[in-house]
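Chemist: What follows is a structure written as structure tokens; I'll ask about it next.
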Amino acid sequence: MSLTVAYAALATGIIVWIVLVTRFRAKPWEKQVAATPEGGAFPFSPKRVGLWVFLAVITSLFCLFVSAYYMRMGQHAGHGMPGGGVGDWAAIRDPSILWFNTVLLILGSVAMQWARSAVARGQAEQTRVCLFAAGLLTIAFLIGQWLAWRELRYSELFSPANPAVAFFYVLTAVHGLHLLGGLVVWARTLVRSLRKDVELIDVRLSVELTTVYWHYLLLVWLGLFAVLLST
Amino acid sequence: MAFVAIADRDHEHALHDPQSFIRKYIWSQDHKVIAIQYALVATAIGLVALVMSVLMRLQLGFPDTFNFIAPQEYYQYITMHGMIMVIYLLTALFLGGFGNYLIPLMLGSRDMVFPYLNMLSFWVYLLAVLVLVASFFVPGGPTGAGWTLYPPQAVLPGTPGASWGIICMLASLAIFIVAFTMGGLNYATTILQARCRGMTFMRMPLSIWGIFMATILGLLAFPALFVSAIMMALDAVVGTSFFMPAISSMGETTRYSGGSPLLFQHLFWFFGHPEVYIVALPAFGIVSDLLSTHARRNIFGYRMMVWAILAIGCLSFVVWAHHMYVSGMNPYFGFFFATTTLIIAVPTAIKVYNWVLTIWRGDVHLTVPMLFAIGFIFTFINGGLTGLFLGNVTVDVPLSGTYFVVAHFHMVMGLSPIMVVFGAIYHWYPKITGRMFDERLGKLHFWLTFVGAYCIFLPMHYLGILGVPRRYYGYPDAIQFIPPSVHEANQWISISAMIVAATQLVFLYNLIHSYFKGPVADGNPWRATTLEWQTPETPPKHGNWGKELPEVHRWAYDYSVPGAPQDFIPQNVPHSETTPAGREHGVPT
Amino acid sequence: MTIAIALIVLVVATVLFHFLSPWWFTPIASNWQTVDSTVDVTFWVTGVVFVAVNLFLAYAIIRYRHRKGNKAHYEPENKKLEWWLTGITSVGIAAMLAPGLSVWANFVTVPEGADVVEVLGQQWAWTYRFPGKDGQLGASDANLISVDNPFGMDPNDPVGQDDHLVASPELHLPIDRPVKILLRAKDVNHQFAVPQFRVKMDMVPGMVTYFWLTPTRTGEFDVLCEQLCGVAHFAMRGRVVVDKQEDFETWLAAQPTFERTLMASKGDAEAGKALFTACTACHGAQGEGNRELNAPKLSGQSDWYLVRQLQSFKGGVRGAHEQDTYAKQMIPFATMLADDTAIKNVVAYIKTLPEVRPAASVVGDPVRGRELYQTCTSCHGAKAQGIWATNAPRLSNMSDWYMARQLRNFRDGIRGGHPQDFHGAQMRSMTQILADDATIADVLDYVRTL
């Protein structure tokens with residue numbers, strides 16, 4: 001829980017900071033002679049800001065999952081009264097295919113990054129290829145995750161009652177669902193980039209935002225993977 | 001200005017007012033229509049919850065007369081009443097309703113930045129409500145686990161709706177959270193990015209501040225409920241043991257082992273406490289604007305008010321376990337959480353002082369919205385002070401689980417926000433409909449609601465101090481320490497509750513009748529400064545501002561500025577048109 | 001104007017209500033007077049704020065109400081005033097927090113040498129366990145719970161053998177001795193609350209929670225569950241009796257140890273057969289019941305239930321009400337059974353009797369009965385098969401005329417009124433929903449179909 005608290009503190013801290021940089025100390029009832037007449041909005045497109053806000057929400061979600069993971073592992077040590085409780089956490093050996101999947105997702109992110117620089121340079125063909133590759137690598141990652149599920153499903157450690165198993169499935173599933181959601185946007189972007197009547201400049205923002213999302217989900221996965229490996 | 005330009009360009013095509021009825025009122029992307037859709041659905045489901053509270057009061061007040069209400073039904077009413085009121089009514093109404101309506105209008109933008117997502121948000125919310133309603137028709141009925149849905153009992157026999165009802169409830173919550181996140185992204189991004197020229201953060205009306213902070217809290221806190229809903233659903237359906245320890249239920253050993261019921265409580269309240277402020281902060285903000293407008297005085301201590309909103313928002317993430325002092329968590333946590341909880345009282349008290357000081361030396365017009373705002377101050381002082389009892393760990397121990405808690409949270413997050421909702425509806429009714437409401441009916445509504453509700457909840461505090469436990473279907477005379485006078489109090493409370501509930505029909509009648517028959521309203525009947533009253537049309541058309549977006553030159557509280565010809569200067573009036581520079585530096589006399 | 005007067009009236013009314021209302025803390029029966037004084041401090045601080053702020057509000061409304069020519073005072077802020085108010089508020093809050101925290105420090109520190117008792121909560125009853133001479137409680141596990149081992153004790157743990165098991169919802173505690181109350185739950189969250197003790201704590205399955213207190217006055221106090229635990233939450237009741245030390249010791253010595261419950265006879269049907277001959281005159285040779293003689297069917301009834309009822313008749317717990325004439329008829333017969341072994345023997349014999357279907361004698365509307373029976377399922381089971389864990393007897397295939405009479409008796413307070421009849425009292429609160437005899441007939445007609 002302390003992890004989530006720290007995150008919430010950070011997030012609200014950012015809000016406070018935003019207020020500070022917008023000259024909180026100003027006395028708004030006074031006539032502001034030199035004040036910028038602008039609304040003070042940030043020089044980004046609303047979609048970009050919307051994405052960052054959304055990433056903040058996802059961060060909260062995963063922080064909470066990981067908090068729950070550690071709290072369930074530690075059982076009553078941290079939050080309950082001393083005494084009682086059976087440690088029923090049987091650590092699982094994480095399927096080794098996860099390493100391979102991780103490489104796939106990293107490559108996917110790299111391809112996304114290439115697409116992003118290509119679109120910035122105005123190279124339409126390269127953008128499409130990189131975008132396409134990124135999506136394929138991500139789909140491969142998801143298939144790999146599914147294989148990992150199967151492997152665990154048929155291992156002798158499998159039991160829904162074992163929280164290590166249950167958490168493994170929940171965490172990977174939630175992460176996978178976020179990737180699936182990303183793939184929907186990816187598909188839309190790809191289709192638009194393939195259309196003749198859409199100019200490259202019009203997909204630029206989409207490619208950029210998709211890239212940010214991909215990097216972010218890669219980070220989330222690396223974090224989750226580290227948590228899974230270390231326990 | 002690029003960002004505003006983008007926002008403008010986005011709306012160019014949208015500016016063609018959709019003409020067909022369906023596009024205009026059903027699949028609408030206009031924030032105002034969506035706001036009204038949210039408000040109507042929230043009100044409809046809220047009425048269901050209101051009827052449930054009347055049924056509960058019938059059982060408690062007259063247990064021998066109304067024995068058609070069985071215990072399991074009583075617990076279902078308790079659960080659904082709480083859940084609907086907190087989430088599906090108040091959260092949806094404040095953010096989906098008022099947030100949607102006010103944000104673009106008060107900030108001088110044409111619409112939310114993502115109108116399509118906004119529309120989707122409403123329809124997903126409607127789906128959540130429908131799933132919730134569906135739980136009334138599944139085998140076993142809706143869940144009766146209490147609105148906190150604590151495991152293990154929420155998924156074990158012995159609790160109503162433990163098989164189907166709880167699954168519907170969790171599904172509905174998860175859907176609601178998706179809807180809220182879509183809406184919340186919109187509110188936050190619009191406030192950050194779509195303010196009109198000159199609308200700096202510190203010139204925003206406090207309504208927007210309250211809604212903004214509540215949105216942030218919601219976006220960060222609702223995931224906790226989402227996580228716990230998913231994990232509990234898995235425990236119930238798949239047989240995982242996230243929250244379920246080894247249990248002997250109804251004499252039979254279950255398949256569960258090792259789970260932690262307290263983990264759920266931590267997650268739930270990590271959401272549940274900020275949720276209180278998700279409801280309260282918009283109310284704080286809106287009531288500040290009501291008071292300022294109707295007292296014809298600038299809000300007192302604007303900067304302190306903004307700071308207080310921020311401080312309350314941040315602190316609300318570190319007080320959750322004050323709901324769990326007697327839950328069996330490590331008792332040493334009590335020291336920390338009692339301290340943080342009492343600290344949060346300081347910014348809250350500052351807000352109360354500043355509301356009162358806004359009235360002081362004002363020019364108080366006792367209109368219907370003002371009456372509700374003053375009523376709010378009274379109920380909120382009461383509910384806030386009893387919060388100091390329950391937040392202080394030692395004092396909480398004897399009072400937790402009693403009617404004192406029921407009285408406290410109904411005063412502070414039931415009655416108080418509802419007073420603001422009523423005040424706000426009366427206040428913005430002329431803008432939304434273009435007509436005035438019936439003032440006499442409005443006053444009748446206020447007096448019966450305000451005094452009636454106090455009659456309900458004041459005695460409850462004292463029943464709680466006596467030790468009368470909450471969530472009891474009946475109080476058999478075998479409980480020694482409960483004297484017969486408690487039964488009389490229950491009758492009194494029930495009768496008051498029914499009067500208050502019936503009064504709400506007056507309110508609905510007033511809204512509907514005035515919509516068709518009310519006198520046509522002026523564009524700015526309260527002579528208010530904020531932008532929503534400066535629209536070219538009333539009610540505002542799609543796009544809100546006609547050809548040109550407004551430009552803001554001053555803060556939202558230029559009331560009774562010395563030297564100004566009128567007692568208010570709208571935000572979009574340039575300084576050159578009012579007083580010579582320097583005159584309005586608010587120098588105290 | 002009216003609103004200002006209303007505010008003043010409400011403030012005055014609230015203060016008057018505070019001092020005149022008949023409801024205040026129950027007289028305290030534990031060492032936690034400090035809790036009460038913290039509440040008092042909080043009341044004074046918040047009370048002053050409540051009166052002061054609201055009266056000032058009323059004054060401001062009257063003084064600054066709109067009149068022709070009035071103009072509000074333009075004053076964006078007043079730093080000095082705001083800081084003063086913040087400072088005073090902080091002082092007030094510290095004044096409440098400091099005593100609160102110091103009392104809490106006391107709460108979390110259990111005195112050394114405190115006695116130990118375990119409270120075990122379940123849907124919807126209380127039981128208790130005291131350590132034996134060794135002062136230690138034996139190991140327990142929810143997975144070991146069964147009809148023969150309702151406490152879930154580990155039979156192989158030597159420490160637990162001398163634990164005293166109190167199978168009744170009545171707990172005795174000695175006066176003036178600090179006691180650490182350990183809390184355990186079998187199924188769902190409960191809360192062990194005695195208003196006169198002031199302190200309380202949830203019990204959570206899967207863990208052991210605790211709090212401590214010193215009872216300071218003898219007497220009987222109601223135990224309430226204050227954490228929602230299901231349909232019969234409101235009927236989950238018990239009693240704490242604070243005794244003088246010697247009375248307590250006598251009581252505790254009478255409570256069986258775990259070892260003794262393990263060795264207790266399971267009942268001998270052969271021996272019971274002879275004893276049962278006395279019963280046949282009324283209940284019939286096969287225990288099939290006889291309506292003319294007001295004797296219900298016995299065969300097929302849950303054995304633990306029959307044992308408890310025979311003990312109740314014998315102990316005067318059942319048939320205590322003067323109008324419960326048929327129960328009174330049973331008392332002398334139950335008294336003929338010399339001891340618990342005899343009771344268990346006769347019940348063991350009844351268990352061997354063949355199942356017969358009793359004749360239907362109550363007619364109602366089974367469709368409506370089905371609706372009404374939903375409430376009953378929580379304890380008696382969906383098939384009315386009876387559930388030992390909820391202390392609910394079997395209803396299906398039993399004499400309906402008898403059940404109709406018992407339901408009426410429960411409802412009218414003829415049965416279930418004895419202070420020791422905790423389960424009867426529970427049934428009494430549940431019969432609130434049975435408005436009239438037709439309703440009872442509806443339920444029973446439905447039960448017959450199960």
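Letters A, B, ... go to the chains of the structure tokens in the order shown; residues in each chain start at 1; ligands are counted from 1 in the same order.
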Please provide the set of residues having any atom within 6 Å of range 338-347 of chain B, restricted to only C-alpha atoms, with same-chain residues fewer than 2 positions apart removed, written as a list of chain:residue names.
Modeler: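 The residues satisfying every condition are B:Ala308, B:Val319, B:Gly334, B:Phe335, B:Phe336, B:Ala349, B:Ile350, B:Gly391, B:Asn392, B:Val393.
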Chemist: Using DSSP on the backbone coordinates, identify all residues within range 29-180 of chain B classified as helix (DSSP H, G or I); present the result as a PyMOL selection string.
Modeler: chain B and resi 31-61+71-107+115-134+153-155+165-180
Chemist: Can you pull out every residue within 9 Å of range 141-146 of chain B, counting only C-alpha atoms, but drop anything in the same chain fewer than 2 positions away, and send it as an MDAnalysis selection string?
Modeler: (chainID B and resid 72:80 82:83 132:139 148:151 153:155 159:169 471) or (chainID C and resid 228:231)
Chemist: Since we have the selection now, will you write its residues out, keeping N, CA and C atoms, as a short mmCIF file (atom, residue, chain, number, x, y, z; two decimals), in the first residue's frame?
Modeler:
```cif
data_model
loop_
_atom_site.label_atom_id
_atom_site.label_comp_id
_atom_site.auth_asym_id
_atom_site.auth_seq_id
_atom_site.Cartn_x
_atom_site.Cartn_y
_atom_site.Cartn_z
N GLN B 72 -33.58 -10.46 4.78
CA GLN B 72 -32.65 -10.44 3.63
C GLN B 72 -32.96 -9.27 2.71
N GLU B 73 -34.26 -8.91 2.61
CA GLU B 73 -34.61 -7.75 1.79
C GLU B 73 -34.10 -6.47 2.42
N TYR B 74 -34.21 -6.42 3.74
CA TYR B 74 -33.72 -5.24 4.44
C TYR B 74 -32.23 -5.02 4.16
N TYR B 75 -31.46 -6.11 4.21
CA TYR B 75 -30.02 -5.97 3.97
C TYR B 75 -29.73 -5.65 2.51
N GLN B 76 -30.58 -6.12 1.63
CA GLN B 76 -30.41 -5.75 0.22
C GLN B 76 -30.70 -4.26 0.03
N TYR B 77 -31.72 -3.76 0.71
CA TYR B 77 -32.03 -2.32 0.59
C TYR B 77 -30.87 -1.50 1.13
N ILE B 78 -30.35 -1.92 2.29
CA ILE B 78 -29.23 -1.18 2.90
C ILE B 78 -28.07 -1.08 1.92
N THR B 79 -27.75 -2.22 1.33
CA THR B 79 -26.60 -2.27 0.44
C THR B 79 -26.82 -1.41 -0.79
N MET B 80 -27.96 -1.62 -1.42
CA MET B 80 -28.22 -0.92 -2.67
C MET B 80 -28.42 0.58 -2.43
N GLY B 82 -26.99 2.41 -0.17
CA GLY B 82 -25.67 3.03 0.01
C GLY B 82 -24.91 3.11 -1.29
N MET B 83 -24.86 1.99 -1.99
CA MET B 83 -24.06 1.94 -3.21
C MET B 83 -24.60 2.93 -4.25
N LEU B 132 -26.62 -2.96 -12.74
CA LEU B 132 -27.01 -2.84 -11.34
C LEU B 132 -28.49 -3.16 -11.17
N VAL B 133 -29.31 -2.60 -12.03
CA VAL B 133 -30.75 -2.85 -11.94
C VAL B 133 -31.04 -4.32 -12.21
N ALA B 134 -30.28 -4.89 -13.15
CA ALA B 134 -30.50 -6.31 -13.48
C ALA B 134 -30.31 -7.18 -12.26
N SER B 135 -29.44 -6.76 -11.33
CA SER B 135 -29.18 -7.62 -10.17
C SER B 135 -30.43 -7.78 -9.31
N PHE B 136 -31.42 -6.93 -9.50
CA PHE B 136 -32.66 -7.11 -8.75
C PHE B 136 -33.47 -8.28 -9.29
N PHE B 137 -33.15 -8.71 -10.49
CA PHE B 137 -33.99 -9.73 -11.12
C PHE B 137 -33.28 -11.06 -11.26
N VAL B 138 -32.05 -11.18 -10.76
CA VAL B 138 -31.36 -12.47 -10.84
C VAL B 138 -31.79 -13.34 -9.66
N PRO B 139 -31.56 -14.65 -9.76
CA PRO B 139 -31.94 -15.52 -8.64
C PRO B 139 -31.22 -15.09 -7.36
N THR B 148 -20.02 -1.79 1.58
CA THR B 148 -18.60 -2.03 1.60
C THR B 148 -18.23 -3.39 1.03
N LEU B 149 -19.21 -4.27 0.83
CA LEU B 149 -19.01 -5.55 0.16
C LEU B 149 -17.89 -6.39 0.77
N TYR B 150 -17.72 -6.29 2.07
CA TYR B 150 -16.60 -7.01 2.68
C TYR B 150 -16.66 -8.50 2.39
N PRO B 151 -15.55 -9.07 1.93
CA PRO B 151 -15.45 -10.51 1.96
C PRO B 151 -15.06 -10.92 3.39
N GLN B 153 -18.06 -12.43 3.73
CA GLN B 153 -19.49 -12.71 3.71
C GLN B 153 -20.14 -12.37 2.38
N ALA B 154 -19.54 -11.45 1.61
CA ALA B 154 -20.17 -11.05 0.36
C ALA B 154 -20.34 -12.22 -0.60
N VAL B 155 -19.48 -13.24 -0.48
CA VAL B 155 -19.57 -14.36 -1.44
C VAL B 155 -19.90 -15.67 -0.74
N THR B 159 -25.50 -14.59 3.29
CA THR B 159 -25.66 -13.21 2.85
C THR B 159 -26.54 -13.23 1.62
N PRO B 160 -27.52 -12.35 1.54
CA PRO B 160 -28.38 -12.35 0.35
C PRO B 160 -27.57 -12.05 -0.92
N GLY B 161 -27.95 -12.67 -1.99
CA GLY B 161 -27.31 -12.38 -3.28
C GLY B 161 -25.86 -12.79 -3.34
N ALA B 162 -25.46 -13.82 -2.56
CA ALA B 162 -24.05 -14.18 -2.52
C ALA B 162 -23.60 -14.92 -3.78
N SER B 163 -24.52 -15.39 -4.60
CA SER B 163 -24.06 -16.07 -5.80
C SER B 163 -24.15 -15.17 -7.03
N TRP B 164 -25.36 -14.69 -7.36
CA TRP B 164 -25.52 -13.88 -8.57
C TRP B 164 -25.41 -12.39 -8.28
N GLY B 165 -26.04 -11.98 -7.22
CA GLY B 165 -26.13 -10.54 -6.93
C GLY B 165 -24.77 -9.89 -6.83
N ILE B 166 -23.85 -10.54 -6.15
CA ILE B 166 -22.54 -9.91 -5.93
C ILE B 166 -21.78 -9.81 -7.24
N ILE B 167 -21.96 -10.81 -8.12
CA ILE B 167 -21.25 -10.76 -9.41
C ILE B 167 -21.77 -9.59 -10.23
N CYS B 168 -23.10 -9.42 -10.25
CA CYS B 168 -23.68 -8.27 -10.96
C CYS B 168 -23.13 -6.97 -10.39
N MET B 169 -23.07 -6.92 -9.06
CA MET B 169 -22.60 -5.69 -8.40
C MET B 169 -21.16 -5.38 -8.83
N ARG B 471 -27.15 -1.26 11.04
CA ARG B 471 -27.36 -2.44 10.21
C ARG B 471 -28.09 -3.55 10.96
N LEU C 228 -21.47 -6.30 10.03
CA LEU C 228 -22.50 -7.00 9.26
C LEU C 228 -22.01 -8.39 8.86
N CYS C 229 -22.81 -9.41 9.23
CA CYS C 229 -22.33 -10.79 9.03
C CYS C 229 -23.39 -11.64 8.37
N GLY C 230 -24.38 -11.04 7.74
CA GLY C 230 -25.36 -11.84 7.03
C GLY C 230 -26.77 -11.59 7.53
N VAL C 231 -27.68 -12.45 7.08
CA VAL C 231 -29.11 -12.21 7.28
C VAL C 231 -29.49 -12.09 8.76
#
```
Chemist: Pick from C:Pro99, C:Val317, C:Gln227, C:Gln432: nearest to Leu60 in chain B, with only C-alpha atoms counted?
Modeler: C:Gln432
Chemist: Mind checking which residues fall within 10 Å of Thr431 in chain C, counting only C-alpha atoms, ignoring those fewer than 5 positions away in the same chain, and posting them as a ChimeraX atom specification?
Modeler: /B:67,70 /C:375-376,407-413,425-426,440
Chemist: Hey, can you spit out that residue selection with N, CA and C atoms as a PDB file, in the first residue's frame?
Modeler:
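After the write, selection30.pdb holds the following:
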```pdb
ATOM      1  N   ASN B  67     -44.371  -6.079   8.285  1.00  0.00           N
ATOM      2  CA  ASN B  67     -43.540  -7.278   8.264  1.00  0.00           C
ATOM      3  C   ASN B  67     -43.490  -7.929   6.895  1.00  0.00           C
ATOM      4  N   ALA B  70     -38.651  -8.632   4.685  1.00  0.00           N
ATOM      5  CA  ALA B  70     -37.913  -9.701   5.349  1.00  0.00           C
ATOM      6  C   ALA B  70     -36.478  -9.254   5.608  1.00  0.00           C
TER       7      ALA B  70
ATOM      8  N   THR C 375     -36.142 -16.348   3.766  1.00  0.00           N
ATOM      9  CA  THR C 375     -35.485 -15.910   4.988  1.00  0.00           C
ATOM     10  C   THR C 375     -34.971 -17.109   5.786  1.00  0.00           C
ATOM     11  N   CYS C 376     -35.755 -18.193   5.774  1.00  0.00           N
ATOM     12  CA  CYS C 376     -35.432 -19.343   6.623  1.00  0.00           C
ATOM     13  C   CYS C 376     -34.235 -20.129   6.092  1.00  0.00           C
ATOM     14  N   LEU C 407     -44.045 -21.939  15.913  1.00  0.00           N
ATOM     15  CA  LEU C 407     -43.863 -20.624  15.294  1.00  0.00           C
ATOM     16  C   LEU C 407     -44.743 -19.587  15.981  1.00  0.00           C
ATOM     17  N   ARG C 408     -45.988 -19.991  16.276  1.00  0.00           N
ATOM     18  CA  ARG C 408     -46.866 -19.053  16.986  1.00  0.00           C
ATOM     19  C   ARG C 408     -46.290 -18.730  18.352  1.00  0.00           C
ATOM     20  N   ASN C 409     -45.776 -19.782  19.025  1.00  0.00           N
ATOM     21  CA  ASN C 409     -45.200 -19.562  20.355  1.00  0.00           C
ATOM     22  C   ASN C 409     -44.002 -18.615  20.302  1.00  0.00           C
ATOM     23  N   PHE C 410     -43.143 -18.830  19.310  1.00  0.00           N
ATOM     24  CA  PHE C 410     -41.990 -17.935  19.166  1.00  0.00           C
ATOM     25  C   PHE C 410     -42.475 -16.506  18.965  1.00  0.00           C
ATOM     26  N   ARG C 411     -43.422 -16.388  18.032  1.00  0.00           N
ATOM     27  CA  ARG C 411     -43.873 -15.049  17.672  1.00  0.00           C
ATOM     28  C   ARG C 411     -44.501 -14.350  18.872  1.00  0.00           C
ATOM     29  N   ASP C 412     -45.288 -15.105  19.652  1.00  0.00           N
ATOM     30  CA  ASP C 412     -46.003 -14.483  20.768  1.00  0.00           C
ATOM     31  C   ASP C 412     -45.162 -14.449  22.039  1.00  0.00           C
ATOM     32  N   GLY C 413     -43.911 -14.885  21.926  1.00  0.00           N
ATOM     33  CA  GLY C 413     -43.035 -14.802  23.101  1.00  0.00           C
ATOM     34  C   GLY C 413     -43.242 -15.916  24.104  1.00  0.00           C
ATOM     35  N   ALA C 425     -34.296 -17.314  21.381  1.00  0.00           N
ATOM     36  CA  ALA C 425     -34.456 -15.865  21.241  1.00  0.00           C
ATOM     37  C   ALA C 425     -34.179 -15.438  19.806  1.00  0.00           C
ATOM     38  N   GLN C 426     -33.194 -16.100  19.212  1.00  0.00           N
ATOM     39  CA  GLN C 426     -32.861 -15.805  17.825  1.00  0.00           C
ATOM     40  C   GLN C 426     -34.052 -16.099  16.918  1.00  0.00           C
ATOM     41  N   ILE C 440     -48.022 -18.322   8.510  1.00  0.00           N
ATOM     42  CA  ILE C 440     -47.334 -19.505   9.038  1.00  0.00           C
ATOM     43  C   ILE C 440     -47.730 -20.733   8.219  1.00  0.00           C
TER      44      ILE C 440
END
```
Chemist: If we count only C-alpha atoms, what is near range 54-66 of chain A at a cut-off of 10 Å, once residues fewer than 3 positions away on the same chain are taken out, given as a ChimeraX atom specification?
Modeler: /A:1-8,11,48-51,69-72,167,170-171,174-175,178,212-213,216-217,220,223-224,227-228 /B:181-182,184-185,189,216,218-228,231,267,270
